[in-house]
Each structure stands twice: as structure tokens, then as C-alpha cells.
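Participant: Can you keep this structure in mind? I'll have questions shortly.
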Protein chains: 2
Amino acid sequence: MRIPLDISNEIPLYRQIENWFRTNIQSGSLPAETKLPSTRELANELGVSRITVKNAYTNLESDGVVYTREGSGTYVSPPIPDLGVRPPIQPATWPLWQMEVEDDYAIEPAPPYLSPSDTIAFIGVGDPREFPLKEFARTVREVFDHDGIEALEYGGLHAGYPPLRETIAHILASQGIAARPGEVLVTGGSQQALALVCQALLKPGDTVLVEKPTYNFALELFRSLKLKITGIPVDSQGMQVEYLEPVLQKQHPRLIYTIPVFQNPSGMCMSISRRRQLLELAARYNVPILEDDFVSDLRYEGRSLPAIKSLDPGGQVIYTGTFSKMLMPGLRIGYLLADGPIFDRLLRLKWVQDLATSNLMQHVLDTYVTVGRYQSHVRRSTRLYRKRRDAMQMAIRRYLPAGVTYAVPHGGLFLWLRLPEGMTCTELLPKAMHQGVEFSPGTRYFPDPDEGLPFIRLNFATHTPEEIDEGIRRLGKAMRDA
Amino acid sequence: MRIPLDISNEIPLYRQIENWFRTNIQSGSLPAETKLPSTRELANELGVSRITVKNAYTNLESDGVVYTREGSGTYVSPPIPDLGVRPPIQPATWPLWQMEVEDDYAIEPAPPYLSPSDTIAFIGVGDPREFPLKEFARTVREVFDHDGIEALEYGGLHAGYPPLRETIAHILASQGIAARPGEVLVTGGSQQALALVCQALLKPGDTVLVEKPTYNFALELFRSLKLKITGIPVDSQGMQVEYLEPVLQKQHPRLIYTIPVFQNPSGMCMSISRRRQLLELAARYNVPILEDDFVSDLRYEGRSLPAIKSLDPGGQVIYTGTFSKMLMPGLRIGYLLADGPIFDRLLRLKWVQDLATSNLMQHVLDTYVTVGRYQSHVRRSTRLYRKRRDAMQMAIRRYLPAGVTYAVPHGGLFLWLRLPEGMTCTELLPKAMHQGVEFSPGTRYFPDPDEGLPFIRLNFATHTPEEIDEGIRRLGKAMRDA
Ligand SMILES: Cc1ncc(COP(=O)(O)O)c(C=O)c1O
Ligand SMILES: Cc1ncc(COP(=O)(O)O)c(C=O)c1O
């Protein structure tokens with residue numbers, strides 16, 4: 001091969017070799033299946049080191065331009081067909097069944113409009129800058145060293161990696177919830193737990209009772225399953241259980257969905273007497289309760305109340321938790337706790353839905369999370385986020401008009417603000433974005449979105465006190481514009 | 001603190017300190033919130049190094065026995081309530097709704113019975129011993145170094161990590177399937193892709209057409225969704241499309257599910273003329289096709305045929321693929337390819353099902369998989385598994401009775417054997433397990449399990465030629481027993 005090399009050129013020699021091959025393979029001068037000289041031969045011929053030739057070949061191979069046959073040499077790859085850029089199909093040519101695809105429920109704009117990078121966005125979950133990245137990376141290495149390929153297999157058809165199920169039971173015990181590892185089902189985030197429970201228990205047209213406001217992606221899930229959604233209003237003591245009985249009598253709901261602690265979005269907690277009352281009513285009217293505990297560890301003051309699940313004499317409550325908020329959402333690991341026949345039903349549904357949650361992620365999480373490490377992480381986050389909540393309150397007093405009202409949450413991630421009389425979140429949002437601050441509009445959190453017009457949800461956990469101060473200042477400006 | 005230390009004891013000093021604290025915290029002598037001396041104080045007092053005391057404190061903290069308040073010191077943790085071992089709930093006390101939980105479809109025993117460790121199990125997917133573990137571990141490190149916390153966040157509400165969607169489109173192009181990255185939806189394995197498609201298109205009571213035999217967990221999925229399943233028999237050219245039209249006319253199926261290449265379990269490929277015919281019929285009768293391409297890269301001989309998706313003028317075929325077989329199932333990453341209104345519907349369903357597939361795993365996979373690396377991995381696996389297929393054929397000729405028949409698959413993972421006249425897989429399995437060899441019984445792969453009685457599925461990819469020889473020898477013995 002006569003490859004012209006120019007040592008005075010600033011392009012490194014291996015690149016020159018690589019480029020020569022690319023050009024000649026692309027032009028067809030070196031057709032598919034042509035054998036390349038060995039690195040030793042070519043190095044001798046060109047008077048360069050073998051490493052130089054190897055570097056060139058490695059780059060060509062990693063792009064698929066050439067390939068190696070073990071013990072035989074390096075060859076030009078068959079060409080990757082240039083399929084060109086295919087134009088999107090025109091609606092006129094879609095098959096008929098596609099025109100009938102039902103998608104008659106609303107969802108947040110997809111993908112969410114991009115915020116300019118200097119926007120202070122009071123959305124999201126915890127502060128990713130606080131993720132214990134280094135420790136976590138170390139744990140991943142440990143898992144590769146100790147568990148090896150085992151962690152990369154399916155991991156068997158079961159309810160999750162058995163040691164992780166035990167760890168979860170321990171963490172729950174440290175929060176006062178007695179759980180046998182056999183009751184724990186590992187899921188792809190708690191979102192999947194919600195989806196599994198709905199699919200196991202409800203059919204289109206069935207009614208689900210929710211708090212009003214409630215978690216937006218639970219609402220979207222219920223809508224996508226064509227459930228009827230009835231909202232029970234929340235006050236500073238959580239779901240107003242007093243209103244429940246007539247609804248139970250009239251609507252025969254098939255599920256009660258509740259977020260009893262630091263509720264998303266209101267931040268409120270359900271009182272102990274309401275928990276007892278809820279459980280009693282659910283038992284009397286034979287309705288399962290789905291208790292979504294997404295963030296109860298993050299308590300800034302006051303005493304924690306027993307989970308509804310821990311008051312349950314047996315089988316009435318399905319409980320779900322997640323590692324997304326306390327650790328990292330990118331893991332996609334949550335879990336549910338159930339007993340009785342429903343556990344088997346949920347397990348089988350999990351199998352047919354996605355066979356299993358990533359075995360690797362389960363091994364890593366289990367190695368990473370000891371009870372002590374989890375608790376010390378909780379303590380660190382609690383200290384940090386409490387300060388941020390307080391900073392946001394200060395900033396609100398300082399910058400927002402007096403018409404803004406809210407109740408102080410004793411934990412969690414969110415402040416839920418009622419706007420001054422006559423102002424709506426949909427009208428405020430573009431003005432806020434214009435000022436460089438973003439919030440989550442209240443309309444997302446109500447079965448009937450219009451009821452959410454007077455509200456906005458602010459996440460105080462993702463930003464430093466300084467950023468919070470500046471963000472709320474901008475929000476104040478936007479409110480004056482509105 | 002008077003901690004008696006014994007330097008002559010073989011228990012290290014830090015353990016002795018640790019044990020002393022454990023005992024005294026457990027006994028209550030050191031109640032919750034007691035402040036521990038600083039490491040410096042205690043080291044001085046005991047005449048040991050600070051490291052020794054630190055080691056003890058770290059161990060205590062990682063078990064949650066003590067905790068650190070930043071800038072203030074180390075304290076005894078509040079006790080973890082001893083919740084004891086809770087007995088399982090008695091059926092008599094389950095709430096009524098639990099008694100009504102429907103679970104009226106069969107599924108493989110859960111958890112699958114454990115094979116003794118010296119059993120040669122011809123089940124599973126590829127050979128985990130061939131996973132590129134080291135390279136993969138290195139990639140994970142790279143992702144932590146380069147992408148950092150970004151990889152641990154939710155990753156935004158979209159159809160997958162955008163660079164991975166592009167990589168998938170490139171890999172598909174190298175297989176002759178034109179795909180725009182915008183048509184790629186990343187899923188939790190291809191199993192989730194199957195589940196999403198069914199949920200988007202079918203409701204209980206609808207009919208789905210499948211090959212007979214077909215992939216067992218597709219059947220389980222369809223059963224769990226209460227679909228009617230109609231099987232079209234497979235011959236050496238794949239699904240016998242000739243039988244399709246009357247079924248389309250009479251049963252009005254809402255989906256055709258096919259595995260056209262190295263079908264699971266039969267190993268057969270659908271001929272090109274049948275692909276064209278299938279597509280035409282599907283278009284004429286307005287039925288979507290779900291093309292499950294789980295392993296088409298693993299071809300040992302012959303030329304590959306165009307995917308049905310690539311013959312599709314537009315929107316009729318939803319295509320799904322996976323990294324489980326070619327790389328590692330523990331990733332739980334698959335994808336689907338769809339265009340038209342159905343894409344948005346599937347995307348929204350994916351969101352409500354589990355928000356997103358693990359962002360970390362997507363970053364890692366995208367960093368790991370270049371087209372060249374993927375192809376060279378395919379080539380390695382192909383060489384390896386071809387030898388194993390041939391070894392299994394040799395062993396079958398040598399050890400199994402003449403009544404056993406099968407067609408040689410040109411790729412994939414499975415040999416599909418018809419047993420000698422009169423023998424059934426259910427009768428053979430316990431005898432085989434007794435001899436130390438396991439297979440997958442044919443009953444799992446038919447809509448009507450009884451039709452599968454004369455068949456067994458053998459995975460030839462997971463074992464070395466020597467293991468295969470021994471395994472088939474044992475199977476021969478079991479057959480003689482039967
Ligand atoms: C109340 C609530 N439940 C469940 C989830 C789902 O989270 P994940 O699926 O990450 O566990 C969220 C996420 O924001 C939430 O706010
Ligand atoms: C034909 C077929 N499709 C889909 C799957 C699902 O695999 P995964 O979810 O790991 O991609 C399998 C797994 O064995 C299979 O055999």
C-alpha cells in the first residue's frame with residue numbers, strides 16, 4: 001500500500017493513515033472484504049511504529065469501517081447502506097388503524113419546552129449537585145469486581161434482587177413499617193408501582209379517588225387508563241376524609257390513591273386521626289388504598305406519623321416508595337409492599353410488563369445502600385433542604401405581593417402558592433419565563449385542570465439560598481407584570 | 001469512657017472499640033442522642049491512633065448505630081424499632097377485594113424451580129461468560145467521569161437519551177433498516193415494547209394473531225391482558241401466511257405478532273415472499289404488525305432478508321429490538337420503531353408506565369456501543385455460537401434416539417426438537433432433571449399448551465461444546481428412561 005505520509009504535517013501520522021483508508025474504502029478502491037496488511041507489515045513498509053498503525057486500525061474498527069477476524073487479520077467491512085434521510089410519512093398514507101389511535105387525554109407538552117440555561121427553574125426533584133457521585137461510582141466498581149457477570153444477567157424471574165428486597169425491608173423497619181422481604185416487589189421507579197396497581201385492580205371506566213390537588217403523573221396515568229377520577233380536597237391536615245363516605249356510597253370507587261406525607265404538590269401531611277378514619281372507611285366499603293410515600297424521610301420539623309400501611313391490620317393497603325428523591329432518579333428503582341393474592345397478581349404483571357428491573361442497578365443500589373449510609377444521607381439532605389425552604393419563605397416575604405398565600409410544609413420539596421386574587425398560573429408562566437424563572441403551573445395537579453388556575457408549585461430543594469433569592473425576585477417582577 | 005482494650009487479643013483494636021459501643025448502645029447504657037467523644041479525645045484517652053477510633057466510628061455509622069451531625073459530633077442513633085417477624089396474614093382476614101383479584105391465567109412456576117448447580121441447563125439467552133465485562137466496567141467509569149450527575153437524573157421526559165436514539169438508528173441502518181432517530185423509543189427491554197404496543201392498541205377480548213409456536217412471555221403478556229390468541233402454524237419458511245386470510249376475515253384481529261428471524265422457539269425464518277404477502281394482507285385488512293427482532297444479528301449462514309419494517313411503505317409495522325441477546329440482559333434496554341400517531345401514543349404510555357428507562361444505563365450503553373464495536377461483538381458471538389450449534393447437532397446424532405427430529409436453524413439460539421412418537425415434554429422433564437440436564441418444555445410456546453407436548457426447546461448458546469456433549473448424553477439417557 002502506498003500511503004503518502006507527511007511528517008511535517010501537523011495531522012498525526014496515525015490520522016493520516018486512517019484518513020487514507022477511509023478515503024479509499026469510501027471511493028471503492030478498497031472493496032469490501034479486502035484484507036488489510038498486518039500492522040507489522042504496514043509499519044515496516046511505511047517506516048512508522050506499530051503503535052501508529054494500530055491506532056489507525058482501532059479507530060477504523062470502532063467506526064465499523066474495517067473489522068477483525070480472529071487469528072486471520074483485518075478486513076474492509078461491507079458497506080453500510082446509505083439509506084439517506086427518509087422524509088416523515090405523510091398523514092394521507094398512514095394506515096387506517098393509525099387514524100383511530102385514541103389519544104384523547106391531555107398531557108404536559110412533550111418534550112417540555114426548553115428553559116434558557118440562565119433560567120432558575122423551581123421544578124424537578126432534589127438537587128442533583130448533592131448526589132453522592134464519587135461514592136456511587138466506587139460502588140459500581142465494587143459490583144463489577146465482586147458480582148461480575150451475574151449482575152448483567154436477567155437475574156431470574158422474581159420480585160427483585162433478594163438482598164435488595166431485604167435491605168428495603170430494613171430501611172422500612174427503621175421508619176417503623178414492618179415489612180417481610182417477601183412482601184417487597186422491586187419496580188422501575190414508584191411510577192411503575194402505580195401503573196402495576198392500576199392495571200391489576202382497575203378497568204376502563206372504573207373510578208379512582210384522589211386528593212385534590214395530587215401528583216400530576218398519577219393523574220396522567222389514570223387518564224391514560226380511562227379511569228374516572230374523583231378528587232377529595234386537601235387542607236392543612238391532608239385529604240379531607242370527612243367528605244369521603246358519600247363518595248364511597250355513590251361512586252363505588254375501586255381504588256383510593258393518597259400521598260399522606262409532604263403531599264405532592266401541597267406539601268401537607270394527613271393527620272393520624274384521618275389516617276385511621278380513611279383505613280376504616282376503606283375497609284368498610286371494601287376499597288384498596290394505594291399509599292404513595294415518595295419523600296417522607298425529608299422531615300424538617302415535627303414528629304413523623306405512622307404510615308397508613310403500618311396501621312393496616314392486613315392486606316388493605318398497598319404501599320409504594322422510591323429511591324428517586326432520596327438518592328437518584330436515574331436509577332429508576334422503586335418498590336411496592338403488598339400481601340395477599342394481590343402480591344402474586346402484581347408480580348406476574350411486572351414480569352409481562354418488562355421481565356425485571358435492571359439487575360445491575362439493583363446490585364449497585366443494594367451495595368450502596370446500608371441503613372446507616374441511607375440515614376446519614378437523609379440527615380444531610382434534611383439539613384440542606386430545610387435551609388432552602390426557609391430561604392424561599394424569606395424571599396417570598398421580601399419580593400412577592402401580599403396577596404400570595406401558602407401553608408408552610410414541614411418537609412418534602414414543595415411550596416404550594418395561591419396567587420393573588422384574579423391572577424392565573426397560565427397567564428403568569430410566560431411572564432415568569434420571560435423574567436428567567438420557571439415554576440410548575442397548578443393546572444397539572446387537578447382532575448379538572450381549571451381548578452388549578454390560582455396555584456403554582458415551587459420546588460425549593462434544587463437551588464441554593466442565593467439562587468432562590470434571585471429566582472423569587474424575578475417571580476415578583478413577573479407578578480407585577482401580570 | 002472506660003473501654004477495656006486487649007492488645008494481645010487477635011481481634012483488632014478498632015473492632016474491640018466498635019463491639020464495646022454496640023454492646024453498650026444495645027443494652028441501653030448509652031441511650032439515644034448520647035454524644036460520643038471526638039475521635040481525637042478517645043484516641044488520647046485509650047492511647048491508640050485516631051485512625052483506629054475512626055474505623056470503629058465509620059463501621060458503627062454505616063450500620064446506623066450512631067450518626068454524625070455536621071460540625072457537632074457523633075451521636076447514638078434513636079433505636080430502630082424491633083418490629084419482630086410478622087407472621088403472614090391469614091387468608092381469612094384478607095379484605096374482600098383481595099379475594100376477587102383475578103388471576104385466572106397460567107404462568108410458568110414462580111420462582112422457577114432451582115436447578116442443582118451441576119445441572120446442564122439448556123435454557124436462558126447468550127453465554128454470560130462471553131459478556132465483555134471489563135470493557136463495560138471501563139465504560140461505566142467513563143460515563144461517571146464525563147457525564148457525571150447528568151447521567152443520574154431523570155433525563156427529561158422524552159423518548160430516550162437522544163444520542164442513544166441516534167446510535168440505535170445507525171445500528172439499524174447497518175442492518176438495512178432506515179430509521180430516523182425521531183422514530184426510536186427506548187424501552188425497558190423489548191418486553192416493555194411488546195407490553196406498550198398491546199396497551200396502546202388492544203383491549204380485553206380483542207384477538208391477536210401469533211405464530212404457533214411463539215415466544216412464551218409474549219403469550220403470557222397476551223393472556224394477562226385477556227386477549228384472544230389465535231395461532232398460525234410455522235414451517236421451515238416461518239409463519240404459514242397462506243392460512244392468514246380466512247382468519248383475518250373471520251376473527252378481525254387487532255394485531256399480528258411475528259418473530260420473522262430465528263424465531264423463538266422454532267429457529268426458523270420467514271421467507272421474503274411470505275413477508276411481502278403478510279404486509280399486503282395486513283394492509284388490506286387494516287391490522288398492525290408487531291415485528292419482534294430479538295436476535296437477527298446472530299446469523300451463521302445464508303443471507304439476511306430485509307426486515308418487514310423495511311418493506312413497509314409506512315406506518316403499518318411497529319418494529320422492536322433489544323440489547324439483551326447481543327449484549328447483556330441485565331441492562332434492560334430495548335427499543336421500538338414506530339411512526340405516525342401511534343408513536344405519540346406509545347411515548348405517552350411509556351411515560352405513565354415508568355417515566356423513563358434508567359438514564360444511567362442509557363448513557364453507559366451509548367458510550368459502549370459504537371457501530372464498529374457492536375459489529376465486532378456480533379462477529380465474535382456468531383463464530384462462537386455457530387460452533388456450539390454444530391456441536392449440539394453432533395451430540396444429538398450421537399446420543400438421541402432416531403425418532404427425534406428437527407430443522408437446522410441458520411442462526412439464533414435455539415434448536416426446536418420434536419420428541420419420538422408418544423413421548424411428551426412434561427413426562428421427559430423430571431427424568432431429564434434427574435439426569436442433570438434441563439430444557440424448556442414445548443407446552444410454554446403454544447396458545448393451547450397441549451399442542452406443545454411433543455416438543456422441547458434447547459438453547460445451544462450458553463454452553464461450551466464439551467458441556468453440550470455431556471448435556472445431550474444425559475438427555476439421551478433420560479429419553480431411554482421415558
Ligand atoms: C408523589 C410521587 N409519586 C411517585 C413519583 C414517581 O417517581 P419515581 O418513579 O421516580 O419513583 C413521583 C415523582 O415525581 C412523585 O412525585
Ligand atoms: C422473542 C423475544 N422477544 C422479546 C424478548 C424480551 O427480551 P428483553 O425484554 O430482554 O429485550 C425475548 C426474551 O427472551 C424474546 O425471546
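So you can find residues: chains in the C-alpha cells are A, B, ... in the order shown, residues in each start at 1, and ligands are numbered from 1 in order.
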Give me, as CSV, the closest atom pair and its distance (Å, one decimal) for every residue of chain A within a cut-off of 8 Å of ligand 1, counting only C-alpha atoms and all ligand atoms, rows sorted by chain and rising number.

Facilitator:
residue,atom,partner,partner_atom_place_in_ligand_line,distance
A:Gly124,CA,ligand 1,14 (O),7.6
A:Val125,CA,ligand 1,14 (O),6.7
A:Gly188,CA,ligand 1,9 (O),6.7
A:Gly189,CA,ligand 1,9 (O),3.4
A:Ser190,CA,ligand 1,11 (O),3.6
A:Gln191,CA,ligand 1,9 (O),3.7
A:Gln192,CA,ligand 1,9 (O),6.3
A:Ala193,CA,ligand 1,9 (O),7.9
A:Leu194,CA,ligand 1,4 (C),7.6
A:Thr214,CA,ligand 1,1 (C),7.7
A:Tyr215,CA,ligand 1,1 (C),5.1
A:Asn216,CA,ligand 1,16 (O),7.9
A:Phe217,CA,ligand 1,12 (C),7.4
A:Ala218,CA,ligand 1,3 (N),7.3
A:Ile259,CA,ligand 1,1 (C),6.3
A:Gln263,CA,ligand 1,1 (C),6.8
A:Asn264,CA,ligand 1,1 (C),5.2
A:Pro265,CA,ligand 1,16 (O),7.9
A:Asp292,CA,ligand 1,3 (N),5.9
A:Asp293,CA,ligand 1,1 (C),7.0
A:Phe294,CA,ligand 1,3 (N),5.3
A:Val295,CA,ligand 1,1 (C),7.9
A:Gly321,CA,ligand 1,11 (O),6.9
A:Thr322,CA,ligand 1,11 (O),4.5
A:Phe323,CA,ligand 1,11 (O),6.4
A:Ser324,CA,ligand 1,10 (O),4.7
A:Lys325,CA,ligand 1,10 (O),7.2
A:Pro329,CA,ligand 1,10 (O),5.2
A:Gly330,CA,ligand 1,10 (O),8.0
A:Arg332,CA,ligand 1,10 (O),5.9
A:Ile333,CA,ligand 1,11 (O),6.5
A:Gly334,CA,ligand 1,11 (O),5.2

Participant: Could you write out that same residue set with C-alpha atoms as a short mmCIF file (atom, residue, chain, number, x, y, z; two decimals), in the first residue's frame?

Facilitator:
data_model
loop_
_atom_site.label_atom_id
_atom_site.label_comp_id
_atom_site.auth_asym_id
_atom_site.auth_seq_id
_atom_site.Cartn_x
_atom_site.Cartn_y
_atom_site.Cartn_z
CA GLY A 124 -37.64 18.81 39.37
CA VAL A 125 -36.85 16.77 42.46
CA GLY A 188 -38.97 0.65 37.74
CA GLY A 189 -39.44 3.68 39.96
CA SER A 190 -42.58 4.11 42.04
CA GLN A 191 -44.28 5.29 38.85
CA GLN A 192 -44.24 1.68 37.66
CA ALA A 193 -45.66 0.61 41.02
CA LEU A 194 -48.60 2.97 40.48
CA THR A 214 -52.39 15.49 43.54
CA TYR A 215 -49.27 14.23 41.71
CA ASN A 216 -49.60 15.08 38.01
CA PHE A 217 -48.22 11.85 36.57
CA ALA A 218 -50.61 9.81 38.68
CA ILE A 259 -49.82 10.75 49.30
CA GLN A 263 -48.01 15.63 49.62
CA ASN A 264 -47.12 16.44 46.04
CA PRO A 265 -47.91 19.27 45.37
CA ASP A 292 -47.54 6.74 47.83
CA ASP A 293 -44.69 7.61 50.16
CA PHE A 294 -42.29 9.39 47.85
CA VAL A 295 -40.41 11.60 50.28
CA GLY A 321 -41.70 4.05 47.95
CA THR A 322 -38.79 5.14 45.79
CA PHE A 323 -35.07 5.87 45.77
CA SER A 324 -35.58 8.68 43.24
CA LYS A 325 -35.95 11.50 45.71
CA PRO A 329 -33.91 9.29 39.94
CA GLY A 330 -31.66 8.00 37.11
CA ARG A 332 -35.25 4.08 38.23
CA ILE A 333 -35.69 1.95 41.31
CA GLY A 334 -38.77 1.99 43.44
#

Participant: I'd like the neighbourhood of region 356-363 of chain A as a PyMOL selection string, where a residue qualifies if any of its atoms comes within 7 Å (using only C-alpha atoms), though same-chain residues fewer than 5 positions away should be ignored.

Facilitator: (chain A and resi 143+151-155+161+164+187-188+331+351) or (chain B and resi 330-332)

Participant: Point out the residue among B:Tyr75, B:Phe455, B:Tyr399, B:Tyr445 with the least atom-to-atom distance to chain A, counting only C-alpha atoms.

Facilitator: B:Tyr75

Participant: When all Cα positions are paired in order and chain A is fitted onto chain B, what RMSD is left, to one decimal?

Facilitator: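 For chain B versus chain A, the C-alpha RMSD is 0.1 Å.
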
Participant: Which one of B:Tyr285, B:Tyr243, B:Trp94, B:Phe343 sits closest to chain A if you count only C-alpha atoms?

Facilitator: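 Of B:Tyr285, B:Tyr243, B:Trp94, B:Phe343, the one nearest chain A, counting only C-alpha atoms, is B:Trp94.
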
Participant: Would you mind writing down, as a PyMOL selection string, each residue of region 354-405 of chain A that DSSP on the backbone assigns to alpha helix (DSSP H)?

Facilitator: chain A and resi 354+359-368+371-399

Participant: Could you pull the residues within 9 Å of Val197 (chain B), counting only C-alpha atoms, minus those fewer than 4 positions along the same chain, as JSON, numbers by chain?

Facilitator: {"B": [192, 193, 201, 202, 290, 318, 342, 346]}

Participant: Which neighbours of Ala159 (chain B) fall inside 8 Å, counting only C-alpha atoms, when residues of the same chain fewer than 6 positions from it are skipped, and could you give them as an MDAnalysis selection string?

Facilitator: chainID B and resid 184:186 347 356

Participant: Identify which of the residues A:Arg397, A:Arg380, A:Arg2, A:Arg457 lies closest to chain B, counting only C-alpha atoms when measuring atom-to-atom distances.

Facilitator: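 Ranking A:Arg397, A:Arg380, A:Arg2, A:Arg457 by distance to chain B, first place goes to A:Arg380.
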
Participant: Quick one: distance from CA of Leu417 (chain A) to CA of Ile456 (chain A) in Å, one decimal?

Facilitator: 5.4 Å

Participant: Report, in Å with one decimal, the straight-line distance from CA of Glu61 (chain B) to CA of His463 (chain A).

Facilitator: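 Distance reported for this atom pair: 28.5 Å.
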
Participant: Using only C-alpha atoms, pick whichever of A:Gly231, A:Gly47, A:Pro401, A:Gly156 has the shortest atom-to-atom distance to Gln251 (chain A).

Facilitator: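 Closest residue, counting only C-alpha atoms: A:Gly231.
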
Participant: Go through A:Val76, A:Leu36, A:Ala173, A:Val210 one by one, measure the shortest atom-to-atom distance of each to chain B using only C-alpha atoms, and give the residue with the smallest value.

Facilitator: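 Looking at the shortest contact to chain B, the residue is A:Ala173.
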